[in-house]
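Dropping final-v9.cif in here (mmCIF, C-alpha atoms and all ligand atoms):
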```
data_model
loop_
_atom_site.label_atom_id
_atom_site.label_comp_id
_atom_site.auth_asym_id
_atom_site.auth_seq_id
_atom_site.Cartn_x
_atom_site.Cartn_y
_atom_site.Cartn_z
CA MET A 198 0.00 0.00 0.00
CA LEU A 199 2.81 2.39 0.99
CA LYS A 200 4.60 1.58 -2.26
CA VAL A 201 1.49 2.40 -4.29
CA SER A 202 0.99 5.77 -2.58
CA VAL A 203 4.68 6.66 -2.97
CA LEU A 204 4.36 5.80 -6.66
CA LEU A 205 1.26 7.99 -6.98
CA VAL A 206 2.97 10.93 -5.32
CA VAL A 207 6.03 10.39 -7.51
CA LEU A 208 3.90 10.40 -10.64
CA THR A 209 2.01 13.53 -9.56
CA ALA A 210 5.23 15.30 -8.65
CA ALA A 211 6.79 14.17 -11.92
CA TYR A 212 3.91 15.72 -13.83
CA CYS A 213 4.67 19.23 -12.46
CA PHE A 214 8.40 18.70 -12.74
CA LYS A 215 10.52 19.47 -15.78
CA SER A 216 10.70 16.10 -17.52
CA TYR A 217 14.01 14.64 -18.60
CA ASP A 218 12.27 11.47 -19.78
CA ARG A 219 14.68 9.55 -22.06
CA TYR A 220 17.11 12.48 -22.21
CA LYS A 221 20.66 11.22 -22.56
CA ILE A 222 23.96 12.55 -21.28
CA VAL A 223 26.57 12.24 -23.96
CA ARG A 224 30.25 12.92 -23.40
CA VAL A 225 31.94 14.67 -26.32
CA ASP A 226 35.71 14.86 -26.75
CA VAL A 227 36.73 18.46 -27.23
CA GLY A 228 40.42 18.79 -27.79
CA SER A 229 40.40 22.47 -28.69
CA GLU A 230 38.66 25.79 -28.16
CA ALA A 231 37.38 25.55 -31.78
CA ASN A 232 35.67 22.25 -30.97
CA LEU A 233 34.08 23.77 -27.92
CA GLN A 234 32.77 26.61 -30.08
CA SER A 235 31.17 24.04 -32.41
CA ILE A 236 29.39 22.50 -29.44
CA LEU A 237 28.19 25.92 -28.37
CA SER A 238 26.78 26.60 -31.82
CA LEU A 239 24.90 23.30 -31.72
CA GLU A 240 23.55 24.48 -28.40
CA SER A 241 22.34 27.76 -29.86
CA GLU A 242 20.61 25.78 -32.62
CA GLY A 243 18.75 24.01 -29.79
CA LEU A 244 20.16 20.55 -30.59
CA LEU A 245 21.74 19.96 -27.21
CA GLU A 246 22.33 21.61 -23.88
CA VAL A 247 25.78 21.83 -22.36
CA PHE A 248 25.30 19.96 -19.12
CA SER A 249 28.54 20.19 -17.25
CA GLU A 250 31.28 22.30 -18.60
CA SER A 251 34.27 21.00 -20.43
CA ARG A 252 36.65 19.33 -18.04
CA LEU A 253 40.05 18.07 -18.99
CA GLY A 254 39.22 17.65 -22.67
CA TYR A 255 35.58 16.68 -22.75
CA VAL A 256 32.16 18.17 -22.31
CA ASP A 257 28.97 16.42 -21.18
CA VAL A 258 25.86 17.43 -23.09
CA LEU A 259 22.20 16.73 -22.52
CA VAL A 260 20.25 15.56 -25.56
CA SER A 261 16.48 15.11 -25.81
CA PRO A 262 15.11 11.96 -27.50
CA LYS A 263 13.70 14.18 -30.26
CA ASN A 264 17.11 15.64 -31.13
CA LEU A 265 19.26 12.57 -30.61
CA ALA A 266 19.67 11.38 -34.20
CA LYS A 267 20.23 14.88 -35.60
CA CYS A 268 22.66 15.73 -32.86
CA GLN A 269 24.71 12.56 -33.36
CA LYS A 270 24.84 13.28 -37.08
CA SER A 271 26.06 16.83 -36.51
CA LEU A 272 28.73 15.74 -34.03
CA HIS A 273 29.91 13.10 -36.46
CA SER A 274 30.03 15.53 -39.37
CA ILE A 275 32.29 17.93 -37.48
CA GLY A 276 34.49 15.02 -36.44
CA LEU A 277 33.76 14.99 -32.72
CA ARG A 278 33.81 11.65 -30.93
CA SER A 279 31.05 11.06 -28.40
CA VAL A 280 29.97 8.36 -26.04
CA GLU A 281 26.69 7.91 -24.19
CA ARG A 282 27.10 8.29 -20.42
CA VAL A 283 23.53 8.21 -19.09
CA ASP A 284 20.78 6.46 -20.95
CA ASP A 285 17.75 8.03 -19.25
CA VAL A 286 18.25 11.11 -17.08
CA GLY A 287 14.52 11.22 -16.31
CA ALA A 288 14.59 7.73 -14.81
CA GLN A 289 17.53 8.74 -12.61
CA ILE A 290 15.63 11.78 -11.35
CA LEU A 291 12.48 9.77 -10.64
CA GLN A 292 14.50 7.28 -8.63
CA GLU A 293 15.93 10.08 -6.53
CA LYS A 294 12.49 11.63 -6.07
CA ALA A 295 11.03 8.31 -4.88
CA ALA A 296 13.82 8.03 -2.29
CA LEU A 297 13.13 11.58 -1.12
CA LEU A 298 9.42 11.02 -0.77
CA SER A 299 9.82 7.83 1.20
CA ALA A 300 12.25 9.46 3.67
CA ALA A 301 10.85 10.14 7.14
CA PRO A 302 9.70 13.75 7.60
CA MET A 303 11.95 15.88 9.79
CA ALA A 304 10.70 16.99 13.20
CA ASP A 305 10.99 20.75 13.66
CA GLY A 306 14.64 21.75 14.11
CA SER A 307 16.09 18.31 13.57
CA TYR A 308 18.29 17.23 10.69
CA SER A 309 19.55 13.99 9.16
CA TYR A 310 22.24 12.89 6.76
CA ASP A 311 20.38 10.05 5.08
CA SER A 312 18.37 12.32 2.81
CA TYR A 313 18.56 15.74 1.14
CA HIS A 314 16.50 18.46 2.84
CA ARG A 315 14.67 21.61 1.83
CA TYR A 316 16.00 25.08 2.63
CA ASP A 317 13.56 25.68 5.52
CA VAL A 318 14.62 22.41 7.16
CA MET A 319 18.26 23.55 7.06
CA ILE A 320 17.45 26.95 8.51
CA SER A 321 15.24 25.60 11.28
CA HIS A 322 18.09 23.25 12.25
CA LEU A 323 20.46 26.24 12.43
CA GLU A 324 17.94 28.01 14.65
CA SER A 325 17.65 25.04 16.95
CA LEU A 326 21.46 24.79 17.16
CA VAL A 327 21.62 28.44 18.15
CA ALA A 328 18.99 27.83 20.85
CA SER A 329 20.96 24.93 22.32
CA HIS A 330 24.43 26.54 21.89
CA SER A 331 23.55 30.13 22.71
CA SER A 332 26.98 30.96 24.13
CA GLU A 333 28.77 29.97 20.96
CA ALA A 334 26.42 30.37 17.99
CA GLU A 335 24.16 32.98 16.44
CA ILE A 336 22.26 33.41 13.19
CA VAL A 337 23.55 35.94 10.68
CA ASP A 338 21.16 37.36 8.08
CA VAL A 339 23.46 37.81 5.11
CA GLY A 340 20.81 39.31 2.84
CA THR A 341 17.70 38.53 0.82
CA SER A 342 17.48 36.54 -2.40
CA TYR A 343 15.63 37.72 -5.51
CA GLU A 344 12.55 35.70 -4.53
CA GLY A 345 12.67 37.08 -0.99
CA ARG A 346 14.30 34.26 0.96
CA THR A 347 16.66 35.24 3.76
CA ILE A 348 20.16 33.98 3.10
CA LYS A 349 21.20 32.79 6.52
CA ALA A 350 24.51 31.82 7.98
CA ILE A 351 25.55 30.64 11.42
CA ARG A 352 28.39 32.39 13.22
CA MET A 353 30.21 30.21 15.72
CA THR A 354 32.83 31.24 18.25
CA ALA A 355 33.52 30.83 21.96
CA ASP A 356 31.82 33.41 24.17
CA ILE A 357 29.91 34.85 21.25
CA SER A 358 28.22 37.67 23.16
CA SER A 359 31.55 39.24 24.19
CA ASP A 360 32.65 42.33 22.22
CA GLU A 361 36.01 40.71 21.49
CA SER A 362 34.37 37.86 19.61
CA ASP A 363 33.61 40.23 16.71
CA ASP A 364 37.29 41.02 16.33
CA LYS A 365 38.55 37.47 16.10
CA PRO A 366 40.04 36.23 12.85
CA MET A 367 37.27 34.94 10.60
CA ILE A 368 36.78 31.79 8.57
CA TRP A 369 33.97 31.88 6.01
CA LEU A 370 32.53 28.76 4.35
CA ASP A 371 29.65 28.66 1.90
CA GLY A 372 27.69 26.02 0.05
CA GLY A 373 24.94 25.70 -2.50
CA ILE A 374 25.93 28.56 -4.79
CA HIS A 375 25.00 26.19 -7.64
CA ALA A 376 21.44 25.03 -7.13
CA ARG A 377 21.67 21.40 -8.26
CA GLU A 378 24.80 20.52 -6.28
CA TRP A 379 22.79 19.12 -3.37
CA VAL A 380 25.61 17.44 -1.52
CA SER A 381 27.20 20.83 -0.91
CA PRO A 382 24.56 22.28 1.48
CA ALA A 383 24.28 18.85 3.15
CA THR A 384 28.05 18.82 3.76
CA MET A 385 27.96 22.35 5.14
CA MET A 386 25.27 21.30 7.62
CA TYR A 387 27.45 18.41 8.78
CA ILE A 388 30.44 20.71 9.17
CA ILE A 389 28.32 23.06 11.31
CA ASP A 390 27.06 20.16 13.45
CA SER A 391 30.64 18.94 13.85
CA ILE A 392 32.02 22.33 14.88
CA LEU A 393 29.33 22.55 17.56
CA GLY A 394 30.00 18.99 18.76
CA GLU A 395 26.75 17.45 17.49
CA GLN A 396 28.69 15.22 15.08
CA GLU A 397 32.30 14.02 15.07
CA THR A 398 32.20 14.06 18.87
CA ASP A 399 35.74 12.68 19.16
CA LYS A 400 36.98 16.02 17.79
CA SER A 401 35.52 18.20 20.52
CA ASP A 402 38.94 19.35 21.84
CA LYS A 403 40.05 20.41 18.37
CA MET A 404 36.74 22.18 17.70
CA GLY A 405 36.98 23.92 21.08
CA GLU A 406 40.43 25.25 20.16
CA LEU A 407 39.12 26.51 16.82
CA LEU A 408 36.16 28.25 18.43
CA ALA A 409 38.47 29.91 20.95
CA LYS A 410 40.75 31.25 18.21
CA PHE A 411 38.40 32.00 15.30
CA GLN A 412 34.90 33.10 14.47
CA ILE A 413 33.63 30.63 11.90
CA VAL A 414 30.76 31.72 9.67
CA VAL A 415 29.05 29.07 7.57
CA ALA A 416 26.33 29.85 5.03
CA PRO A 417 25.06 26.42 3.94
CA CYS A 418 23.02 27.54 0.95
CA ILE A 419 23.69 30.89 -0.69
CA ASN A 420 21.41 30.32 -3.69
CA PRO A 421 18.18 29.37 -1.93
CA ASP A 422 15.91 30.33 -4.86
CA GLY A 423 17.77 28.03 -7.21
CA TYR A 424 18.00 25.28 -4.60
CA GLU A 425 14.25 25.31 -3.94
CA TYR A 426 13.60 25.33 -7.69
CA THR A 427 15.59 22.10 -8.04
CA HIS A 428 13.25 20.55 -5.48
CA THR A 429 10.00 21.84 -6.97
CA THR A 430 10.48 22.20 -10.71
CA ASP A 431 13.78 21.37 -12.39
CA ARG A 432 16.24 19.05 -10.65
CA LEU A 433 19.11 20.12 -12.88
CA TRP A 434 18.80 23.90 -12.48
CA ARG A 435 22.20 25.52 -11.77
CA LYS A 436 21.68 29.28 -11.68
CA THR A 437 19.75 31.89 -9.70
CA ARG A 438 16.10 32.59 -10.61
CA LYS A 439 15.99 36.31 -11.41
CA PRO A 440 14.59 36.95 -14.92
CA SER A 441 17.45 38.00 -17.16
CA GLY A 442 15.47 39.04 -20.25
CA CYS A 443 14.51 37.55 -23.59
CA ARG A 444 16.89 35.11 -25.27
CA TRP A 445 19.34 37.09 -27.44
CA GLY A 446 17.40 40.19 -26.34
CA LYS A 447 14.79 39.48 -29.06
CA LYS A 448 11.20 40.49 -28.46
CA ASN A 449 8.19 39.61 -30.60
CA TRP A 450 5.59 41.98 -32.10
CA PHE A 451 3.46 41.79 -28.99
CA GLY A 452 6.21 42.74 -26.57
CA GLY A 453 6.79 39.17 -25.41
CA CYS A 454 9.92 37.16 -26.12
CA PHE A 455 10.62 36.03 -29.68
CA TYR A 456 12.36 32.87 -28.47
CA ARG A 457 11.81 32.60 -24.74
CA MET A 458 12.38 34.34 -21.45
CA CYS A 459 15.64 33.46 -19.68
CA TYR A 460 16.02 33.13 -15.95
CA GLY A 461 18.95 33.49 -13.65
CA ALA A 462 22.67 34.01 -13.96
CA ASP A 463 25.46 31.67 -13.04
CA PRO A 464 26.26 32.92 -9.54
CA ASN A 465 29.78 31.55 -9.88
CA ARG A 466 30.46 33.75 -12.90
CA ASN A 467 28.92 36.87 -11.40
CA TRP A 468 31.83 38.12 -9.24
CA ALA A 469 34.08 40.99 -10.25
CA ALA A 470 37.28 39.03 -10.89
CA ASP A 471 38.12 39.07 -14.61
CA TRP A 472 34.31 39.15 -15.00
CA GLY A 473 32.82 38.10 -18.32
CA ASN A 474 36.01 37.04 -20.09
CA SER A 475 36.30 33.26 -20.16
CA GLY A 476 34.07 30.24 -19.57
CA VAL A 477 30.95 32.38 -19.96
CA SER A 478 28.23 32.91 -22.54
CA ASP A 479 26.31 36.03 -23.52
CA ASP A 480 23.26 33.84 -24.17
CA ARG A 481 21.06 34.80 -21.22
CA CYS A 482 19.59 31.29 -21.20
CA SER A 483 23.02 29.64 -20.98
CA LEU A 484 24.00 27.90 -17.79
CA VAL A 485 27.14 30.04 -17.66
CA TYR A 486 25.52 33.43 -18.30
CA PRO A 487 27.49 35.73 -15.98
CA GLY A 488 24.75 38.32 -15.49
CA LYS A 489 24.48 41.77 -17.04
CA GLU A 490 27.19 43.07 -14.76
CA PRO A 491 29.09 41.84 -11.71
CA PHE A 492 26.91 41.41 -8.62
CA ASP A 493 23.60 42.06 -10.37
CA GLN A 494 22.31 38.97 -8.55
CA GLU A 495 20.93 39.61 -5.07
CA ASN A 496 22.62 36.60 -3.49
CA THR A 497 26.15 37.27 -4.77
CA LYS A 498 25.80 40.94 -3.82
CA ALA A 499 24.72 40.01 -0.30
CA VAL A 500 27.62 37.61 0.28
CA LYS A 501 30.10 40.03 -1.29
CA THR A 502 28.91 42.84 1.00
CA TYR A 503 29.24 40.65 4.10
CA LEU A 504 32.74 39.57 3.10
CA GLU A 505 33.78 43.14 2.31
CA ASN A 506 32.53 44.33 5.67
CA HIS A 507 34.64 41.70 7.41
CA SER A 508 37.62 41.64 5.06
CA ASP A 509 40.03 42.95 7.70
CA LYS A 510 39.40 39.79 9.75
CA LEU A 511 38.98 37.24 6.97
CA LYS A 512 41.70 34.55 7.05
CA LEU A 513 40.12 31.74 5.05
CA TYR A 514 37.42 31.57 2.37
CA ALA A 515 36.19 28.21 1.07
CA THR A 516 33.24 27.50 -1.19
CA TYR A 517 31.81 24.01 -1.71
CA HIS A 518 30.53 22.69 -5.05
CA SER A 519 30.02 19.30 -6.64
CA TYR A 520 31.16 17.28 -8.43
CA SER A 521 34.59 15.83 -9.40
CA GLN A 522 36.42 15.47 -6.05
CA LEU A 523 38.80 18.36 -6.43
CA PHE A 524 40.44 20.99 -4.30
CA LEU A 525 40.86 24.06 -6.49
CA THR A 526 43.32 26.84 -5.79
CA PRO A 527 43.29 30.36 -7.29
CA VAL A 528 43.07 31.61 -9.90
CA GLY A 529 40.48 30.19 -12.25
CA TYR A 530 40.63 32.52 -15.26
CA THR A 531 44.23 31.96 -16.30
CA THR A 532 46.69 29.13 -15.90
CA THR A 533 49.41 31.65 -15.04
CA LYS A 534 50.37 30.80 -11.48
CA PRO A 535 49.75 33.48 -8.84
CA GLU A 536 52.68 34.53 -6.64
CA ASN A 537 51.33 32.53 -3.69
CA TRP A 538 51.14 29.35 -5.79
CA LYS A 539 53.76 27.50 -3.70
CA HIS A 540 51.63 28.00 -0.64
CA HIS A 541 48.50 26.89 -2.49
CA LYS A 542 50.27 23.74 -3.60
CA LYS A 543 51.31 22.91 -0.04
CA VAL A 544 47.79 23.55 1.27
CA GLY A 545 46.25 21.48 -1.53
CA ASP A 546 48.53 18.50 -0.85
CA ALA A 547 47.66 18.57 2.85
CA VAL A 548 43.90 18.81 2.22
CA VAL A 549 43.67 15.95 -0.27
CA ALA A 550 45.90 13.75 1.93
CA ALA A 551 43.61 14.32 4.93
CA ILE A 552 40.51 13.51 2.87
CA ALA A 553 42.10 10.33 1.49
CA GLN A 554 43.05 9.24 4.99
CA ARG A 555 39.44 9.42 6.18
CA ASN A 556 37.85 7.26 3.53
CA LYS A 557 40.50 4.88 2.35
CA GLY A 558 39.78 2.89 -0.77
CA THR A 559 37.62 5.53 -2.46
CA ALA A 560 38.83 7.64 -5.37
CA PRO A 561 41.12 10.38 -4.05
CA TYR A 562 40.45 14.10 -4.35
CA ILE A 563 42.90 15.95 -6.57
CA ALA A 564 44.40 19.36 -5.82
CA MET A 565 44.96 21.68 -8.75
CA GLN A 566 44.79 25.27 -9.84
CA SER A 567 41.18 25.95 -10.77
CA ALA A 568 41.96 27.25 -14.28
CA GLY A 569 43.50 23.80 -14.89
CA LEU A 570 40.00 22.33 -14.73
CA TYR A 571 38.82 24.88 -17.27
CA PRO A 572 39.35 28.63 -17.40
CA ALA A 573 36.34 30.53 -16.11
CA SER A 574 36.01 34.13 -15.02
CA GLY A 575 34.03 35.69 -12.23
CA ASP A 576 34.08 32.99 -9.58
CA SER A 577 33.71 33.74 -5.90
CA ALA A 578 37.04 32.35 -4.71
CA ASP A 579 38.94 34.44 -7.29
CA TRP A 580 37.16 37.60 -6.18
CA VAL A 581 38.13 36.96 -2.57
CA HIS A 582 41.69 36.17 -3.67
CA ASP A 583 42.16 39.07 -6.09
CA VAL A 584 39.97 41.83 -4.73
CA LEU A 585 40.03 41.18 -0.99
CA GLY A 586 43.65 40.10 -1.37
CA LEU A 587 43.25 36.89 0.62
CA THR A 588 45.80 34.18 -0.14
CA ASP A 589 43.71 31.37 1.35
CA SER A 590 40.67 31.31 -0.92
CA TYR A 591 39.59 27.94 -2.32
CA THR A 592 36.91 25.93 -4.11
CA PHE A 593 36.02 22.35 -3.22
CA GLU A 594 34.33 20.01 -5.67
CA LEU A 595 32.74 17.23 -3.62
CA ARG A 596 31.66 13.70 -4.59
CA PRO A 597 31.15 11.96 -6.90
CA ASP A 598 34.39 11.71 -8.85
CA GLY A 599 34.62 13.10 -12.37
CA ASN A 600 33.90 9.77 -14.02
CA SER A 601 30.63 9.21 -12.25
CA ASN A 602 27.37 8.67 -14.07
CA VAL A 603 25.26 10.04 -11.23
CA GLY A 604 26.82 13.49 -11.33
CA PHE A 605 24.79 15.98 -9.31
CA GLU A 606 22.37 13.27 -8.18
CA LEU A 607 24.70 11.73 -5.67
CA PRO A 608 22.74 8.98 -3.87
CA ALA A 609 21.81 9.97 -0.34
CA ASP A 610 23.84 7.17 1.22
CA GLN A 611 26.93 9.07 0.02
CA ILE A 612 26.12 12.23 1.98
CA LEU A 613 27.68 11.00 5.20
CA PRO A 614 31.01 9.76 3.82
CA THR A 615 31.31 12.94 1.72
CA ALA A 616 30.63 15.13 4.74
CA GLN A 617 32.90 13.16 7.07
CA GLU A 618 35.91 13.27 4.78
CA ASN A 619 35.37 16.99 4.38
CA VAL A 620 35.48 17.63 8.12
CA ASP A 621 38.98 16.16 7.99
CA GLY A 622 39.78 18.10 4.82
CA LEU A 623 38.67 21.32 6.46
CA LEU A 624 40.73 20.73 9.60
CA ALA A 625 43.83 20.13 7.46
CA LEU A 626 43.01 23.25 5.48
CA ILE A 627 42.74 25.42 8.59
CA ASP A 628 46.00 24.02 9.98
CA ASN A 629 47.77 25.04 6.78
CA ILE A 630 46.47 28.55 6.09
CA GLU A 631 48.97 31.40 6.21
CA TYR A 632 47.41 32.83 9.37
CA ASN A 633 48.23 29.63 11.28
CA ASN A 634 51.77 29.49 9.96
CA ILE A 635 53.33 32.85 10.68
O1 LIG B 701 32.24 25.97 -13.05
C1 LIG B 701 32.19 26.20 -11.84
O2 LIG B 701 31.71 27.23 -11.39
C2 LIG B 701 32.78 25.17 -10.87
N1 LIG B 701 32.43 23.84 -11.27
S1 LIG B 701 30.89 23.32 -11.15
O3 LIG B 701 30.78 22.05 -11.81
N2 LIG B 701 30.56 23.09 -9.63
O4 LIG B 701 30.04 24.30 -11.70
C3 LIG B 701 34.27 25.28 -10.88
C4 LIG B 701 34.80 26.60 -10.53
C5 LIG B 701 36.27 26.60 -10.67
N3 LIG B 701 36.69 27.89 -11.02
C6 LIG B 701 37.19 28.22 -12.24
N4 LIG B 701 37.56 27.36 -13.11
N5 LIG B 701 37.31 29.52 -12.42
ZN ZN B 702 29.25 24.38 -8.78
#
```
Entire entry expressed as structure tokens:
Amino acid sequence: MLKVSVLLVVLTAAYCFKSYDRYKIVRVDVGSEANLQSILSLESEGLLEVFSESRLGYVDVLVSPKNLAKCQKSLHSIGLRSVERVDDVGAQILQEKAALLSAAPMADGSYSYDSYHRYDVMISHLESLVASHSSEAEIVDVGTSYEGRTIKAIRMTADISSDESDDKPMIWLDGGIHAREWVSPATMMYIIDSILGEQETDKSDKMGELLAKFQIVVAPCINPDGYEYTHTTDRLWRKTRKPSGCRWGKKNWFGGCFYRMCYGADPNRNWAADWGNSGVSDDRCSLVYPGKEPFDQENTKAVKTYLENHSDKLKLYATYHSYSQLFLTPVGYTTTKPENWKHHKKVGDAVVAAIAQRNKGTAPYIAMQSAGLYPASGDSADWVHDVLGLTDSYTFELRPDGNSNVGFELPADQILPTAQENVDGLLALIDNIEYNNI
């Protein structure tokens, strides 16, 4: 009986949801910038959608059943090799949805790591943590998203109500800037629970030392509009949700859009560090549209303002994405190494070693300069590095590894190992930042 009702709810939910029924993910070899341009022109013809950006010589594209034959023909005619990676994206999404719907509902304020949770569940858990740890945690309202959600963070430090606590060196961590990367907010929640001793209880001495020395601010989900949209409407949405205008700026005779209305900007292309130059598209509907100008998205503006206001204290910035299991060091728009590269290399080696130590036998994380993955302008870690002048500014890419077929839909039983290894990764990171080594 339970199975039948879960199936009914799944089918109803699927009906309102963007369908990826029989869509395929195809991996295309792109050895050169020219090849990538050919893919982008197939995208503007509407034959495919770039799904995840080109990484280390390939790009994954999403192809509808209607376009499959034509798309394969076009790829073949321009000499690009391709291989099917996922046979039916829609089936994968339905499977995930069924698991979500059969998960036990969360009691007010509680949280679990066996399922992905909605934004309000995360925030009410933060509030309950603050209530039970009032001497060491408080909620920070970072700002308001385009759709009116409050972007919340939790600030944690020993003796939080003392005036001195505001002056302590600051560590900032954020998650969920890309909407569909669900394991990122979940990992941030686990890191928060661990810092406050609700998880990883064997590390309480270490966490106590950190809270005495630093103020640690964690914003688990800084793109709440996009995140909620992935739960209600389109599981694979990446960007924000602010309308960005008609595709190619073209209106029809009646004042509507000639093609269609585009929504959102890529919030990790929207920061003022080499903004708009590489790894972006001026197609407002593209998943890497950087916005009309830097910080024209409410959420990036809010986080930027908070960081600017605390820049004199900021000692570490880390932002958590998925997927590929990487630790990315600045900068991401050019492969020219910054002057603090030697330090970045040392930090990266320490972080990936600590992660590997925690979950032996799983694919290791790899440390590299972020432009080595692919050059892209306007990301948050580069802005903190270049504009705030902070050496220790990094991007994590969490599980799964780059060869995975599940991609952003990491099964929920992987949340805990991902989060656990990243508590160890974070501790190694903090031990190695410049501030702790002078
Ligand atoms: O493209 C991104 O924004 C990040 N990858 S993701 O799949 N999570 O979208 C990587 C950012 C790394 N930064 C640069 N290459 N600049
Ligand atoms: Zn991302």
Check the smallest atom-to-atom distance from each of A:Thr588, A:Asn634, A:Asn420, A:Gln289 to Ser342 in chain A using only C-alpha atoms, then report the winner. A:Asn420
Pick out the closest residue to ligand ZN 702 (chain B) from this set: A:Asp463, A:Asp583, A:Asp546, A:Glu240. Count only C-alpha atoms and all ligand atoms. A:Asp463
Could you jot down the CA of Ile336 in chain A to CA of Lys403 in chain A separation for me, Å, one decimal place? 22.6 Å
Please, which residues have at least one atom within 12 Å of an atom of ligand ZN 702 (chain B), using all atoms listed in the file, listed as an NGL selection string? :A and (248-250 or 371-382 or 418-420 or 433-436 or 463-466 or 484-485 or 516-523 or 525 or 573 or 576-578 or 592-596 or 604-605)
Computed interatomic separation between CA of Ser601 in chain A and CA of Leu291 in chain A (Å): 18.2 Å
How far is it from CA of Glu293 in chain A to CA of Pro608 in chain A, in Å with one decimal? 7.4 Å
Pick from A:Ala551, A:Ala616, A:Leu239, A:Ala470, whichever lies nearest to ligand LIG 701 (chain B) using only C-alpha atoms and all ligand atoms: A:Ala470
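Proximity ranking of A:Asn600, A:Ser391, A:Thr526, A:Thr430 relative to ligand LIG 701 (chain B) places A:Thr526 first, based on all atoms listed in the file.
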Please identify all polymer residues within 7 Å of Arg219 in chain A, counting all atoms listed in the file, omitting same-chain residues fewer than 5 positions from it, and present them as a list in words. Ser261, Pro262, Asp284, Asp285, Val286 and Gly287 of chain A
Regenerate range 439-450 of chain A at the level of N, CA, C and O atoms and dump it as a PDB file, keeping the file's coordinate frame.
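Once written, rebuild38.pdb looks like this:
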```pdb
ATOM      1  N   LYS A 439      16.433  34.969 -11.018  1.00  0.00           N
ATOM      2  CA  LYS A 439      15.990  36.310 -11.410  1.00  0.00           C
ATOM      3  C   LYS A 439      15.838  36.368 -12.941  1.00  0.00           C
ATOM      4  O   LYS A 439      16.757  35.953 -13.667  1.00  0.00           O
ATOM      5  N   PRO A 440      14.723  36.870 -13.459  1.00  0.00           N
ATOM      6  CA  PRO A 440      14.590  36.950 -14.920  1.00  0.00           C
ATOM      7  C   PRO A 440      15.734  37.775 -15.511  1.00  0.00           C
ATOM      8  O   PRO A 440      16.082  38.829 -14.983  1.00  0.00           O
ATOM      9  N   SER A 441      16.308  37.266 -16.596  1.00  0.00           N
ATOM     10  CA  SER A 441      17.450  38.000 -17.160  1.00  0.00           C
ATOM     11  C   SER A 441      17.133  38.575 -18.540  1.00  0.00           C
ATOM     12  O   SER A 441      18.013  39.127 -19.190  1.00  0.00           O
ATOM     13  N   GLY A 442      15.875  38.425 -18.973  1.00  0.00           N
ATOM     14  CA  GLY A 442      15.470  39.040 -20.250  1.00  0.00           C
ATOM     15  C   GLY A 442      15.241  37.987 -21.323  1.00  0.00           C
ATOM     16  O   GLY A 442      15.445  36.790 -21.119  1.00  0.00           O
ATOM     17  N   CYS A 443      14.814  38.478 -22.505  1.00  0.00           N
ATOM     18  CA  CYS A 443      14.510  37.550 -23.590  1.00  0.00           C
ATOM     19  C   CYS A 443      15.802  36.977 -24.180  1.00  0.00           C
ATOM     20  O   CYS A 443      16.829  37.667 -24.219  1.00  0.00           O
ATOM     21  N   ARG A 444      15.722  35.723 -24.656  1.00  0.00           N
ATOM     22  CA  ARG A 444      16.890  35.110 -25.270  1.00  0.00           C
ATOM     23  C   ARG A 444      17.392  35.970 -26.424  1.00  0.00           C
ATOM     24  O   ARG A 444      16.609  36.394 -27.263  1.00  0.00           O
ATOM     25  N   TRP A 445      18.676  36.231 -26.448  1.00  0.00           N
ATOM     26  CA  TRP A 445      19.340  37.090 -27.440  1.00  0.00           C
ATOM     27  C   TRP A 445      18.723  38.491 -27.474  1.00  0.00           C
ATOM     28  O   TRP A 445      18.843  39.212 -28.459  1.00  0.00           O
ATOM     29  N   GLY A 446      18.010  38.865 -26.414  1.00  0.00           N
ATOM     30  CA  GLY A 446      17.400  40.190 -26.340  1.00  0.00           C
ATOM     31  C   GLY A 446      16.263  40.395 -27.330  1.00  0.00           C
ATOM     32  O   GLY A 446      15.804  41.527 -27.539  1.00  0.00           O
ATOM     33  N   LYS A 447      15.762  39.313 -27.961  1.00  0.00           N
ATOM     34  CA  LYS A 447      14.790  39.480 -29.060  1.00  0.00           C
ATOM     35  C   LYS A 447      13.350  39.386 -28.594  1.00  0.00           C
ATOM     36  O   LYS A 447      12.920  38.360 -28.052  1.00  0.00           O
ATOM     37  N   LYS A 448      12.622  40.470 -28.828  1.00  0.00           N
ATOM     38  CA  LYS A 448      11.200  40.490 -28.460  1.00  0.00           C
ATOM     39  C   LYS A 448      10.338  40.210 -29.687  1.00  0.00           C
ATOM     40  O   LYS A 448      10.774  40.421 -30.811  1.00  0.00           O
ATOM     41  N   ASN A 449       9.104  39.794 -29.470  1.00  0.00           N
ATOM     42  CA  ASN A 449       8.190  39.610 -30.600  1.00  0.00           C
ATOM     43  C   ASN A 449       7.315  40.863 -30.786  1.00  0.00           C
ATOM     44  O   ASN A 449       7.451  41.839 -30.039  1.00  0.00           O
ATOM     45  N   TRP A 450       6.435  40.825 -31.763  1.00  0.00           N
ATOM     46  CA  TRP A 450       5.590  41.980 -32.100  1.00  0.00           C
ATOM     47  C   TRP A 450       4.701  42.414 -30.939  1.00  0.00           C
ATOM     48  O   TRP A 450       4.264  43.544 -30.848  1.00  0.00           O
TER      49      TRP A 450
END
```
